[in-house]
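Source file: input.cif; contents: mmCIF, C-alpha atoms.
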data_structure
#
loop_
_atom_site.label_atom_id
_atom_site.label_comp_id
_atom_site.auth_asym_id
_atom_site.auth_seq_id
_atom_site.Cartn_x
_atom_site.Cartn_y
_atom_site.Cartn_z
CA MET A 1464 37.80 9.00 -5.16
CA THR A 1465 39.82 7.23 -7.84
CA MET A 1466 39.13 7.46 -11.58
CA THR A 1467 37.85 3.87 -11.51
CA GLU A 1468 35.37 4.68 -8.72
CA GLU A 1469 34.19 7.82 -10.54
CA ALA A 1470 33.55 5.84 -13.71
CA LYS A 1471 31.67 3.23 -11.71
CA ASN A 1472 29.40 5.85 -10.10
CA ASP A 1473 28.92 7.83 -13.32
CA ASN A 1474 27.05 5.14 -15.25
CA GLY A 1475 23.74 6.94 -14.86
CA VAL A 1476 22.21 4.33 -12.54
CA LEU A 1477 20.81 5.82 -9.34
CA LEU A 1478 19.18 2.74 -7.82
CA GLU A 1479 19.77 -0.95 -8.44
CA VAL A 1480 17.68 -3.60 -6.72
CA ARG A 1481 19.30 -7.02 -6.99
CA ASP A 1482 17.36 -10.21 -6.33
CA LEU A 1483 15.52 -8.60 -3.39
CA SER A 1484 13.52 -10.89 -1.10
CA THR A 1485 11.38 -9.65 1.79
CA HIS A 1486 9.64 -12.29 3.90
CA PHE A 1487 7.11 -12.15 6.72
CA HIS A 1488 7.38 -14.89 9.33
CA THR A 1489 3.93 -15.64 10.78
CA PHE A 1490 2.49 -18.38 12.95
CA ARG A 1491 1.01 -19.93 9.79
CA GLY A 1492 4.28 -19.92 7.88
CA VAL A 1493 6.47 -17.65 5.77
CA VAL A 1494 4.92 -15.18 3.33
CA LYS A 1495 7.30 -14.28 0.51
CA ALA A 1496 5.91 -10.79 -0.11
CA VAL A 1497 8.87 -9.94 -2.37
CA ASP A 1498 10.59 -12.91 -3.95
CA GLY A 1499 13.71 -12.22 -6.03
CA VAL A 1500 12.85 -8.79 -7.46
CA SER A 1501 15.46 -7.06 -9.61
CA PHE A 1502 15.36 -3.74 -11.46
CA SER A 1503 17.42 -0.59 -11.98
CA LEU A 1504 16.54 3.08 -12.12
CA LYS A 1505 18.57 5.74 -13.91
CA ARG A 1506 18.92 9.34 -12.82
CA GLY A 1507 15.96 11.40 -14.03
CA GLU A 1508 13.95 8.28 -14.91
CA ILE A 1509 10.39 7.45 -13.87
CA LEU A 1510 9.63 3.77 -13.25
CA GLY A 1511 6.06 2.50 -12.99
CA VAL A 1512 5.47 -0.53 -10.74
CA VAL A 1513 2.10 -2.12 -11.49
CA GLY A 1514 0.08 -5.02 -10.12
CA GLU A 1515 -2.93 -6.07 -8.05
CA SER A 1516 -3.18 -5.46 -4.32
CA GLY A 1517 -0.92 -7.87 -2.46
CA CYS A 1518 1.56 -8.38 -5.32
CA GLY A 1519 4.48 -6.86 -3.40
CA LYS A 1520 4.61 -3.35 -4.88
CA SER A 1521 4.44 -1.39 -1.64
CA VAL A 1522 6.65 -3.85 0.25
CA THR A 1523 9.30 -3.33 -2.44
CA GLY A 1524 9.12 0.43 -1.87
CA PHE A 1525 9.30 0.05 1.92
CA SER A 1526 12.23 -2.35 1.53
CA VAL A 1527 14.22 0.23 -0.43
CA LEU A 1528 13.87 2.59 2.55
CA ARG A 1529 14.38 -0.27 5.01
CA LEU A 1530 11.03 0.38 6.65
CA ILE A 1531 10.19 -3.30 7.14
CA ASP A 1532 9.20 -4.09 10.73
CA PRO A 1533 8.95 -7.54 12.39
CA PRO A 1534 7.64 -10.09 11.63
CA GLY A 1535 8.94 -8.95 8.26
CA ARG A 1536 12.60 -8.84 7.27
CA ILE A 1537 14.72 -8.45 4.16
CA ALA A 1538 15.77 -12.04 3.59
CA GLY A 1539 18.15 -11.64 0.67
CA GLY A 1540 19.48 -9.59 -2.20
CA ASP A 1541 20.87 -6.08 -2.18
CA ILE A 1542 19.77 -2.46 -2.69
CA ILE A 1543 22.42 -0.23 -4.25
CA PHE A 1544 21.75 3.52 -4.07
CA GLU A 1545 24.26 5.99 -5.48
CA GLY A 1546 26.81 3.18 -5.65
CA GLU A 1547 26.44 2.10 -2.00
CA SER A 1548 24.52 -0.77 -0.40
CA LEU A 1549 21.65 0.46 1.77
CA LEU A 1550 21.54 -2.90 3.54
CA LYS A 1551 25.00 -2.29 4.97
CA LYS A 1552 24.15 1.10 6.44
CA SER A 1553 23.33 1.68 10.09
CA GLU A 1554 19.93 2.96 11.20
CA ARG A 1555 21.43 6.39 11.89
CA GLU A 1556 22.83 6.54 8.36
CA MET A 1557 19.41 5.53 6.97
CA GLU A 1558 17.77 8.35 8.93
CA ARG A 1559 19.97 10.82 7.05
CA ILE A 1560 18.85 9.29 3.74
CA ARG A 1561 15.10 8.97 4.42
CA GLY A 1562 13.27 12.20 3.67
CA ASN A 1563 16.50 13.71 2.37
CA LYS A 1564 17.97 11.78 -0.55
CA ILE A 1565 14.99 9.40 -0.80
CA SER A 1566 11.46 10.64 -0.10
CA MET A 1567 8.25 8.65 0.03
CA ILE A 1568 4.70 9.69 -0.76
CA PHE A 1569 2.42 7.39 1.22
CA GLN A 1570 -1.02 6.17 0.18
CA ASP A 1571 -3.26 7.89 2.71
CA PRO A 1572 -2.52 11.58 3.32
CA MET A 1573 -4.75 11.71 6.40
CA THR A 1574 -2.68 9.09 8.21
CA SER A 1575 0.60 10.54 6.89
CA LEU A 1576 -0.11 14.02 8.27
CA ASN A 1577 -0.31 14.62 12.02
CA PRO A 1578 -3.79 16.07 12.75
CA VAL A 1579 -2.64 18.13 15.77
CA TYR A 1580 0.14 20.04 13.97
CA THR A 1581 -0.19 22.76 11.37
CA ILE A 1582 0.94 22.21 7.80
CA LYS A 1583 3.74 24.72 8.39
CA ARG A 1584 5.14 22.78 11.33
CA GLN A 1585 5.11 19.49 9.43
CA ILE A 1586 6.92 20.95 6.43
CA CYS A 1587 9.38 22.88 8.60
CA GLU A 1588 10.25 19.73 10.54
CA THR A 1589 11.80 18.26 7.39
CA LEU A 1590 13.49 21.55 6.51
CA GLU A 1591 15.01 21.85 9.99
CA LEU A 1592 16.20 18.24 10.12
CA HIS A 1593 17.77 17.98 6.68
CA GLU A 1594 18.31 21.56 5.44
CA GLY A 1595 19.06 23.35 8.70
CA LEU A 1596 16.43 26.03 7.95
CA ARG A 1597 14.62 27.66 10.87
CA GLY A 1598 12.38 30.59 11.66
CA ARG A 1599 11.64 33.01 8.85
CA GLU A 1600 13.71 31.08 6.28
CA ALA A 1601 11.84 27.83 6.97
CA HIS A 1602 8.48 29.66 6.82
CA LYS A 1603 9.36 31.23 3.47
CA ARG A 1604 10.43 27.88 2.04
CA ALA A 1605 7.24 26.18 3.31
CA VAL A 1606 5.11 28.79 1.53
CA GLU A 1607 7.16 28.33 -1.67
CA LEU A 1608 6.62 24.57 -1.56
CA LEU A 1609 2.85 24.93 -1.15
CA ARG A 1610 2.77 27.34 -4.07
CA LEU A 1611 4.90 24.91 -6.10
CA VAL A 1612 2.33 22.10 -5.71
CA GLY A 1613 -0.57 24.37 -6.62
CA ILE A 1614 -2.22 25.19 -3.29
CA PRO A 1615 -4.08 28.53 -3.52
CA SER A 1616 -3.26 31.31 -1.02
CA PRO A 1617 -0.27 29.45 0.47
CA GLU A 1618 0.64 32.39 2.75
CA SER A 1619 -2.47 31.83 4.84
CA ARG A 1620 -3.03 28.12 4.28
CA VAL A 1621 0.42 27.21 5.54
CA ASN A 1622 -1.05 27.77 9.02
CA TYR A 1623 -4.01 25.43 8.43
CA TYR A 1624 -4.42 22.01 10.03
CA PRO A 1625 -4.82 18.87 7.87
CA HIS A 1626 -8.58 18.61 8.53
CA GLN A 1627 -9.04 22.02 6.90
CA PHE A 1628 -7.84 20.64 3.54
CA SER A 1629 -9.62 18.38 1.07
CA GLY A 1630 -8.16 14.95 0.23
CA GLY A 1631 -6.53 16.30 -2.91
CA MET A 1632 -5.05 19.26 -1.07
CA ARG A 1633 -3.68 17.02 1.69
CA GLN A 1634 -1.98 14.88 -0.92
CA ARG A 1635 -0.45 18.03 -2.42
CA VAL A 1636 0.97 18.82 1.03
CA ILE A 1637 2.52 15.33 1.17
CA ILE A 1638 4.07 15.95 -2.24
CA ALA A 1639 5.40 19.32 -1.01
CA ILE A 1640 7.03 17.62 1.98
CA SER A 1641 8.56 14.95 -0.24
CA LEU A 1642 10.08 17.66 -2.49
CA ALA A 1643 11.33 19.85 0.36
CA THR A 1644 14.91 18.58 0.23
CA SER A 1645 15.10 18.12 -3.57
CA PRO A 1646 15.61 14.36 -3.21
CA SER A 1647 17.35 12.22 -5.80
CA LEU A 1648 14.58 9.61 -5.58
CA ILE A 1649 10.87 9.83 -4.82
CA ILE A 1650 8.88 6.66 -4.11
CA ALA A 1651 5.20 7.43 -4.74
CA ASP A 1652 3.06 4.64 -3.26
CA GLU A 1653 -0.44 4.88 -4.77
CA PRO A 1654 -0.33 8.69 -4.53
CA THR A 1655 -3.85 9.17 -5.89
CA THR A 1656 -5.70 6.53 -3.84
CA ALA A 1657 -9.28 7.53 -2.84
CA LEU A 1658 -9.22 10.65 -5.04
CA ASP A 1659 -11.64 11.26 -7.90
CA VAL A 1660 -10.42 10.87 -11.47
CA THR A 1661 -10.11 14.60 -12.19
CA VAL A 1662 -7.99 15.23 -9.08
CA GLN A 1663 -5.90 12.12 -9.87
CA ALA A 1664 -5.01 13.51 -13.29
CA GLN A 1665 -4.13 16.93 -11.86
CA LEU A 1666 -1.90 15.46 -9.14
CA ILE A 1667 -0.05 13.08 -11.44
CA LYS A 1668 0.51 15.86 -13.98
CA ARG A 1669 1.81 18.17 -11.24
CA LEU A 1670 4.03 15.48 -9.73
CA TYR A 1671 5.40 14.54 -13.16
CA SER A 1672 6.32 18.13 -14.01
CA LEU A 1673 7.99 18.70 -10.62
CA VAL A 1674 10.04 15.49 -10.88
CA ARG A 1675 11.20 16.43 -14.38
CA LYS A 1676 11.97 20.00 -13.30
CA ASN A 1677 14.14 18.82 -10.39
CA ASN A 1678 15.74 16.04 -12.47
CA SER A 1679 14.73 13.58 -9.75
CA SER A 1680 13.98 9.91 -10.30
CA MET A 1681 10.65 8.42 -9.26
CA ILE A 1682 9.16 5.00 -8.60
CA LEU A 1683 5.41 5.29 -9.18
CA ILE A 1684 3.60 2.40 -7.49
CA THR A 1685 0.02 1.79 -8.63
CA HIS A 1686 -2.49 -0.86 -9.68
CA ASP A 1687 -3.56 1.29 -12.64
CA LEU A 1688 -1.64 0.72 -15.87
CA SER A 1689 -3.41 3.62 -17.56
CA LEU A 1690 -2.11 5.96 -14.86
CA VAL A 1691 1.56 5.12 -15.44
CA SER A 1692 1.43 4.76 -19.22
CA GLY A 1693 1.59 8.50 -19.86
CA VAL A 1694 4.30 9.42 -17.35
CA SER A 1695 6.65 6.44 -16.90
CA ASP A 1696 9.75 5.79 -18.95
CA ASN A 1697 9.75 2.10 -18.01
CA ILE A 1698 7.26 -0.26 -16.39
CA ILE A 1699 7.60 -3.43 -14.34
CA VAL A 1700 4.57 -5.63 -13.74
CA MET A 1701 4.50 -7.63 -10.50
CA TYR A 1702 2.48 -10.68 -9.51
CA CYS A 1703 2.75 -12.64 -6.24
CA GLY A 1704 5.98 -10.94 -5.19
CA ARG A 1705 7.82 -11.35 -8.49
CA VAL A 1706 8.47 -9.26 -11.59
CA ILE A 1707 6.72 -10.99 -14.49
CA GLU A 1708 7.27 -8.37 -17.21
CA ARG A 1709 9.45 -5.33 -17.65
CA GLY A 1710 10.30 -2.96 -20.47
CA SER A 1711 9.77 0.52 -21.80
CA SER A 1712 6.31 1.98 -21.30
CA GLU A 1713 5.74 1.92 -25.05
CA ALA A 1714 6.63 -1.79 -25.30
CA VAL A 1715 4.62 -2.95 -22.28
CA ILE A 1716 1.52 -0.93 -23.18
CA SER A 1717 1.60 -1.49 -26.96
CA ARG A 1718 2.95 -5.04 -27.02
CA PRO A 1719 2.12 -6.70 -23.69
CA ALA A 1720 3.60 -10.20 -23.58
CA HIS A 1721 2.53 -11.77 -20.28
CA PRO A 1722 -1.12 -12.97 -20.11
CA TYR A 1723 -1.48 -11.10 -16.82
CA THR A 1724 -0.39 -7.79 -18.38
CA VAL A 1725 -2.76 -8.43 -21.29
CA GLY A 1726 -5.57 -8.98 -18.77
CA LEU A 1727 -4.79 -5.77 -16.88
CA LEU A 1728 -4.85 -3.75 -20.10
CA GLY A 1729 -8.05 -5.46 -21.22
CA SER A 1730 -9.85 -4.31 -18.08
CA ILE A 1731 -9.28 -0.61 -18.83
CA PRO A 1732 -12.26 1.18 -20.47
CA LYS A 1733 -11.47 2.72 -23.86
CA MET A 1734 -12.83 6.14 -24.75
CA ALA A 1735 -12.56 5.68 -28.53
CA GLY A 1736 -13.60 2.96 -30.96
CA GLU A 1737 -16.46 0.49 -30.77
CA ARG A 1738 -18.09 -0.26 -27.45
CA GLU A 1739 -17.20 -3.69 -26.14
CA MET A 1740 -17.37 -5.67 -22.92
CA LEU A 1741 -14.45 -5.20 -20.56
CA ARG A 1742 -12.32 -8.27 -20.01
CA GLN A 1743 -11.70 -9.61 -16.56
CA ILE A 1744 -9.05 -11.94 -15.22
CA SER A 1745 -10.78 -15.03 -13.89
CA GLY A 1746 -10.02 -16.57 -10.52
CA MET A 1747 -8.23 -15.17 -7.50
CA VAL A 1748 -4.66 -14.47 -6.45
CA PRO A 1749 -3.20 -17.66 -4.88
CA ASN A 1750 -3.06 -18.06 -1.12
CA PRO A 1751 0.40 -16.80 -0.06
CA PHE A 1752 0.71 -19.80 2.28
CA ASP A 1753 -0.06 -22.25 -0.53
CA MET A 1754 1.61 -21.02 -3.70
CA PRO A 1755 1.57 -23.19 -6.85
CA ALA A 1756 4.71 -25.20 -7.58
CA GLY A 1757 5.10 -23.68 -11.03
CA CYS A 1758 3.90 -20.35 -12.40
CA ALA A 1759 1.85 -18.44 -9.81
CA PHE A 1760 -0.47 -17.15 -12.54
CA CYS A 1761 -1.10 -20.65 -13.94
CA PRO A 1762 -4.50 -21.24 -12.20
CA ARG A 1763 -5.88 -18.06 -13.82
CA CYS A 1764 -4.17 -18.26 -17.21
CA GLU A 1765 -5.99 -19.19 -20.42
CA MET A 1766 -2.69 -20.16 -22.06
CA ALA A 1767 -1.52 -22.46 -19.26
CA GLN A 1768 -0.21 -25.93 -20.15
CA SER A 1769 1.21 -28.79 -18.10
CA ILE A 1770 4.71 -27.31 -17.90
CA CYS A 1771 3.25 -24.17 -16.25
CA GLU A 1772 2.00 -26.25 -13.30
CA LYS A 1773 5.39 -27.82 -12.65
CA GLU A 1774 8.09 -25.32 -13.62
CA TYR A 1775 8.41 -21.62 -12.88
CA PRO A 1776 9.38 -19.80 -16.12
CA ARG A 1777 12.64 -17.92 -16.36
CA MET A 1778 12.81 -14.24 -17.28
CA ARG A 1779 13.77 -13.91 -20.94
CA GLU A 1780 14.15 -11.07 -23.41
CA ILE A 1781 11.63 -11.11 -26.27
CA GLU A 1782 12.86 -7.86 -27.82
CA GLU A 1783 15.54 -5.38 -26.87
CA GLY A 1784 14.88 -4.22 -23.31
CA HIS A 1785 11.52 -6.02 -23.11
CA CYS A 1786 11.60 -9.08 -20.83
CA VAL A 1787 8.88 -11.46 -19.70
CA CYS A 1788 8.60 -14.36 -17.28
CA CYS A 1789 6.36 -16.79 -19.17
CA HIS A 1790 6.79 -20.10 -21.00
CA PHE A 1791 4.56 -18.96 -23.86
CA ALA A 1792 4.94 -15.18 -23.85
CA GLY A 1793 3.29 -13.49 -26.79
CA GLY A 1794 2.64 -16.83 -28.45
CA ARG A 1795 6.38 -17.32 -29.06
CA GLY A 1796 6.59 -20.61 -27.23
CA LEU A 1797 9.52 -21.94 -25.22
#

Kindly return the structure encoded in the file as structure tokens.
Amino acid sequence: MTMTEEAKNDNGVLLEVRDLSTHFHTFRGVVKAVDGVSFSLKRGEILGVVGESGCGKSVTGFSVLRLIDPPGRIAGGDIIFEGESLLKKSEREMERIRGNKISMIFQDPMTSLNPVYTIKRQICETLELHEGLRGREAHKRAVELLRLVGIPSPESRVNYYPHQFSGGMRQRVIIAISLATSPSLIIADEPTTALDVTVQAQLIKRLYSLVRKNNSSMILITHDLSLVSGVSDNIIVMYCGRVIERGSSEAVISRPAHPYTVGLLGSIPKMAGEREMLRQISGMVPNPFDMPAGCAFCPRCEMAQSICEKEYPRMREIEEGHCVCCHFAGGRGL
């Protein structure tokens, strides 16, 4: 590797998504699930990806791993990981990356774990494939991983089947599998779905500490802004397949600029201060087969004006590192 190449790869950026578009071709037409999404992720950084169901969060995560099946396909853009384009790699090369350099924590642990295999076998499968560990070494490492994610009595429970664990424990097993190879990047897709609030907090705290300890990067996909606010370095807010606001967690949470972000924050109950009615965002997400000509959020926006119906706003910086896609962001006007 030349000095120029080393400098290029030593800029601290682990992942760069450039103008990514992922479309689904159906008998009714084309659904632009991801439409021109761009962001970057530095080594050791945690990025929160927030938005309602159907906004393109999960599809973005699947696209990074190239797990899009027909009728879906990546229609444009590029995904640069460790200085190389993932879109130019063969399927065999991607198989060496998935579960090794990039791990994914899926939403539902019961469908992610095979019910007919023990926890030990499912952890050891990853260890055998990517680490070359077998037999006693693989068993020892599997027990260590279960202990690492906080499962009591891991020596005996490593031989349990998924149905013998609670939902929270199953999700801990998924986290253990995702950490087995010490990946550079973890994509956590709604990792606390269907779990009660107390277990959610425990899991996120555990996952956060493990990511920091391993100096891994993480993309935390969720619909809950309050969940990412305490653990993410940066946040991007998505709506209808596009990034509508991005910035540091402090900027997005303390000084939200897009009306949609303001609405999401307004719907979160506050534990302190005077009691007040929760705000809700009126209307519904547009039909993906009949998107508005201008801003997709226009039909639901209290600030919308005539220009919003005709012209999609460009992404612009309103303060250092804090960008928003709105004609009237934060009351600043055009």

Can you list what the PyMOL selection byres ((chain A and resi 1509) around 12) grabs from this structure, as an MDAnalysis selection string? chainID A and resid 1477:1478 1503:1508 1510:1512 1647:1651 1670:1675 1678:1684 1691:1699 1711:1712

Region 1598-1695 of chain A residues near region 1719-1732 of chain A within 12 Å, closest pair each, using all atoms listed in the file, as JSON lines:
{"residue": "A:His1686", "atom": "CA", "partner": "A:Leu1727", "partner_atom": "CA", "distance": 9.0}
{"residue": "A:Asp1687", "atom": "CA", "partner": "A:Leu1727", "partner_atom": "CA", "distance": 8.3}
{"residue": "A:Leu1688", "atom": "CA", "partner": "A:Leu1728", "partner_atom": "CA", "distance": 6.9}
{"residue": "A:Ser1689", "atom": "CA", "partner": "A:Ile1731", "partner_atom": "CA", "distance": 7.3}
{"residue": "A:Leu1690", "atom": "CA", "partner": "A:Ile1731", "partner_atom": "CA", "distance": 10.5}
{"residue": "A:Val1691", "atom": "CA", "partner": "A:Leu1728", "partner_atom": "CA", "distance": 11.9}
{"residue": "A:Ser1692", "atom": "CA", "partner": "A:Leu1728", "partner_atom": "CA", "distance": 10.6}

How about saving the chosen residues, C-alpha atoms kept, as an mmCIF file, in the coordinates of the input?
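File written: selection_36.cif
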data_model
loop_
_atom_site.group_PDB
_atom_site.id
_atom_site.type_symbol
_atom_site.label_atom_id
_atom_site.label_comp_id
_atom_site.auth_asym_id
_atom_site.auth_seq_id
_atom_site.Cartn_x
_atom_site.Cartn_y
_atom_site.Cartn_z
ATOM 1 C CA HIS A 1686 -2.490 -0.860 -9.680
ATOM 2 C CA ASP A 1687 -3.560 1.290 -12.640
ATOM 3 C CA LEU A 1688 -1.640 0.720 -15.870
ATOM 4 C CA SER A 1689 -3.410 3.620 -17.560
ATOM 5 C CA LEU A 1690 -2.110 5.960 -14.860
ATOM 6 C CA VAL A 1691 1.560 5.120 -15.440
ATOM 7 C CA SER A 1692 1.430 4.760 -19.220
#

Nearest candidate to Lys1552 (chain A) (options A:Val1612, A:Leu1528, A:Val1476, A:Val1500; using all atoms listed in the file):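 Nearest to Lys1552 (chain A): A:Leu1528.
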
Taking into account only C-alpha atoms, which residue in the set A:Arg1555, A:Arg1620, A:Lys1603, A:Arg1481 is nearest to Phe1502 (chain A)?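 Of A:Arg1555, A:Arg1620, A:Lys1603, A:Arg1481, the one nearest Phe1502 (chain A), counting only C-alpha atoms, is A:Arg1481.
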
Could you check which of A:Pro1646, A:Gly1475, A:Gly1519, A:Gly1630 is closest to Cys1703 (chain A), using all atoms listed in the file? A:Gly1519

Residue IDs satisfying the PyMOL selection byres ((chain A and resi 1758-1770) around 12), as a ChimeraX atom specification: /A:1498,1518,1701-1707,1720-1726,1743-1751,1753-1757,1771-1778,1788-1797

Tell me, in Å to one decimal, how far CA of His1593 (chain A) is from CA of Ala1605 (chain A).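 Separation of CA of His1593 (chain A) and CA of Ala1605 (chain A): 13.8 Å.
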
What are the centre and edge lengths in Å, to one decimal, of the axis-aligned box around all listed atoms of region 1600-1604 of chain A with 3 Å added on each side, as lines of an AutoDock Vina configuration file?
center_x = 11.1
center_y = 29.5
center_z = 4.5
size_x = 11.2
size_y = 9.4
size_z = 10.9

Taking all atoms listed in the file into account, name the residue in A:Asp1541, A:Glu1653, A:Glu1558, A:Glu1618 that is nearest to Val1513 (chain A).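 Closest candidate: A:Glu1653.
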
Could you write out as an mmCIF file with C-alpha atoms, keeping the file's coordinate frame the residues that the PyMOL selection byres ((chain A and resi 1486) around 7) matches in the shown file?
data_model
loop_
_atom_site.group_PDB
_atom_site.id
_atom_site.type_symbol
_atom_site.label_atom_id
_atom_site.label_comp_id
_atom_site.auth_asym_id
_atom_site.auth_seq_id
_atom_site.Cartn_x
_atom_site.Cartn_y
_atom_site.Cartn_z
ATOM 1 C CA SER A 1484 13.520 -10.890 -1.100
ATOM 2 C CA THR A 1485 11.380 -9.650 1.790
ATOM 3 C CA PHE A 1487 7.110 -12.150 6.720
ATOM 4 C CA HIS A 1488 7.380 -14.890 9.330
ATOM 5 C CA VAL A 1493 6.470 -17.650 5.770
ATOM 6 C CA VAL A 1494 4.920 -15.180 3.330
ATOM 7 C CA LYS A 1495 7.300 -14.280 0.510
ATOM 8 C CA ALA A 1496 5.910 -10.790 -0.110
ATOM 9 C CA VAL A 1497 8.870 -9.940 -2.370
ATOM 10 C CA GLY A 1535 8.940 -8.950 8.260
ATOM 11 C CA ARG A 1536 12.600 -8.840 7.270
ATOM 12 C CA ILE A 1537 14.720 -8.450 4.160
ATOM 13 C CA ALA A 1538 15.770 -12.040 3.590
#

Quick one, how far is CA of Ile1568 (chain A) from CA of Ile1637 (chain A)?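 Result for CA of Ile1568 (chain A) versus CA of Ile1637 (chain A): 6.3 Å, one decimal.
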
For Leu1609 (chain A), please output as a PyMOL selection string all residues within 8 Å (counting only C-alpha atoms; exclusion window: fewer than 3 positions along the same chain). chain A and resi 1605-1606+1612-1614+1617+1621+1635-1636+1639

Please check which residues have atoms at most 12 Å from (7.3, 3.7, 5.2) in the file's coordinates, counting all atoms listed in the file, and write them as a ChimeraX atom specification. /A:1521-1532,1561-1562,1565-1571,1574-1575,1650-1652

Determine, counting all atoms listed in the file, every residue of protein, DNA or RNA that lies within 7 Å of (8.9, 25.1, 9.6) in the file coordinates, then give the result as a ChimeraX atom specification. /A:1583-1588,1590-1591,1597-1598,1601-1602,1605

Could you write out the selected residues, including C-alpha atoms, as a compact mmCIF listing (two decimals), in the coordinates of the input?
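The resulting file, result-v4.txt, is reproduced below:
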# COMPACT_ATOMS: atom_id res chain seq x y z
CA LYS A 1583 3.74 24.72 8.39
CA ARG A 1584 5.14 22.78 11.33
CA GLN A 1585 5.11 19.49 9.43
CA ILE A 1586 6.92 20.95 6.43
CA CYS A 1587 9.38 22.88 8.60
CA GLU A 1588 10.25 19.73 10.54
CA LEU A 1590 13.49 21.55 6.51
CA GLU A 1591 15.01 21.85 9.99
CA ARG A 1597 14.62 27.66 10.87
CA GLY A 1598 12.38 30.59 11.66
CA ALA A 1601 11.84 27.83 6.97
CA HIS A 1602 8.48 29.66 6.82
CA ALA A 1605 7.24 26.18 3.31

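Take CA of Leu1592 (chain A) and CA of Ser1548 (chain A): the distance between them is 23.3 Å.
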
Pick from A:Leu1608, A:Met1573, A:Leu1642, A:Cys1786 nearest to Ala1714 (chain A), counting all atoms listed in the file: A:Cys1786
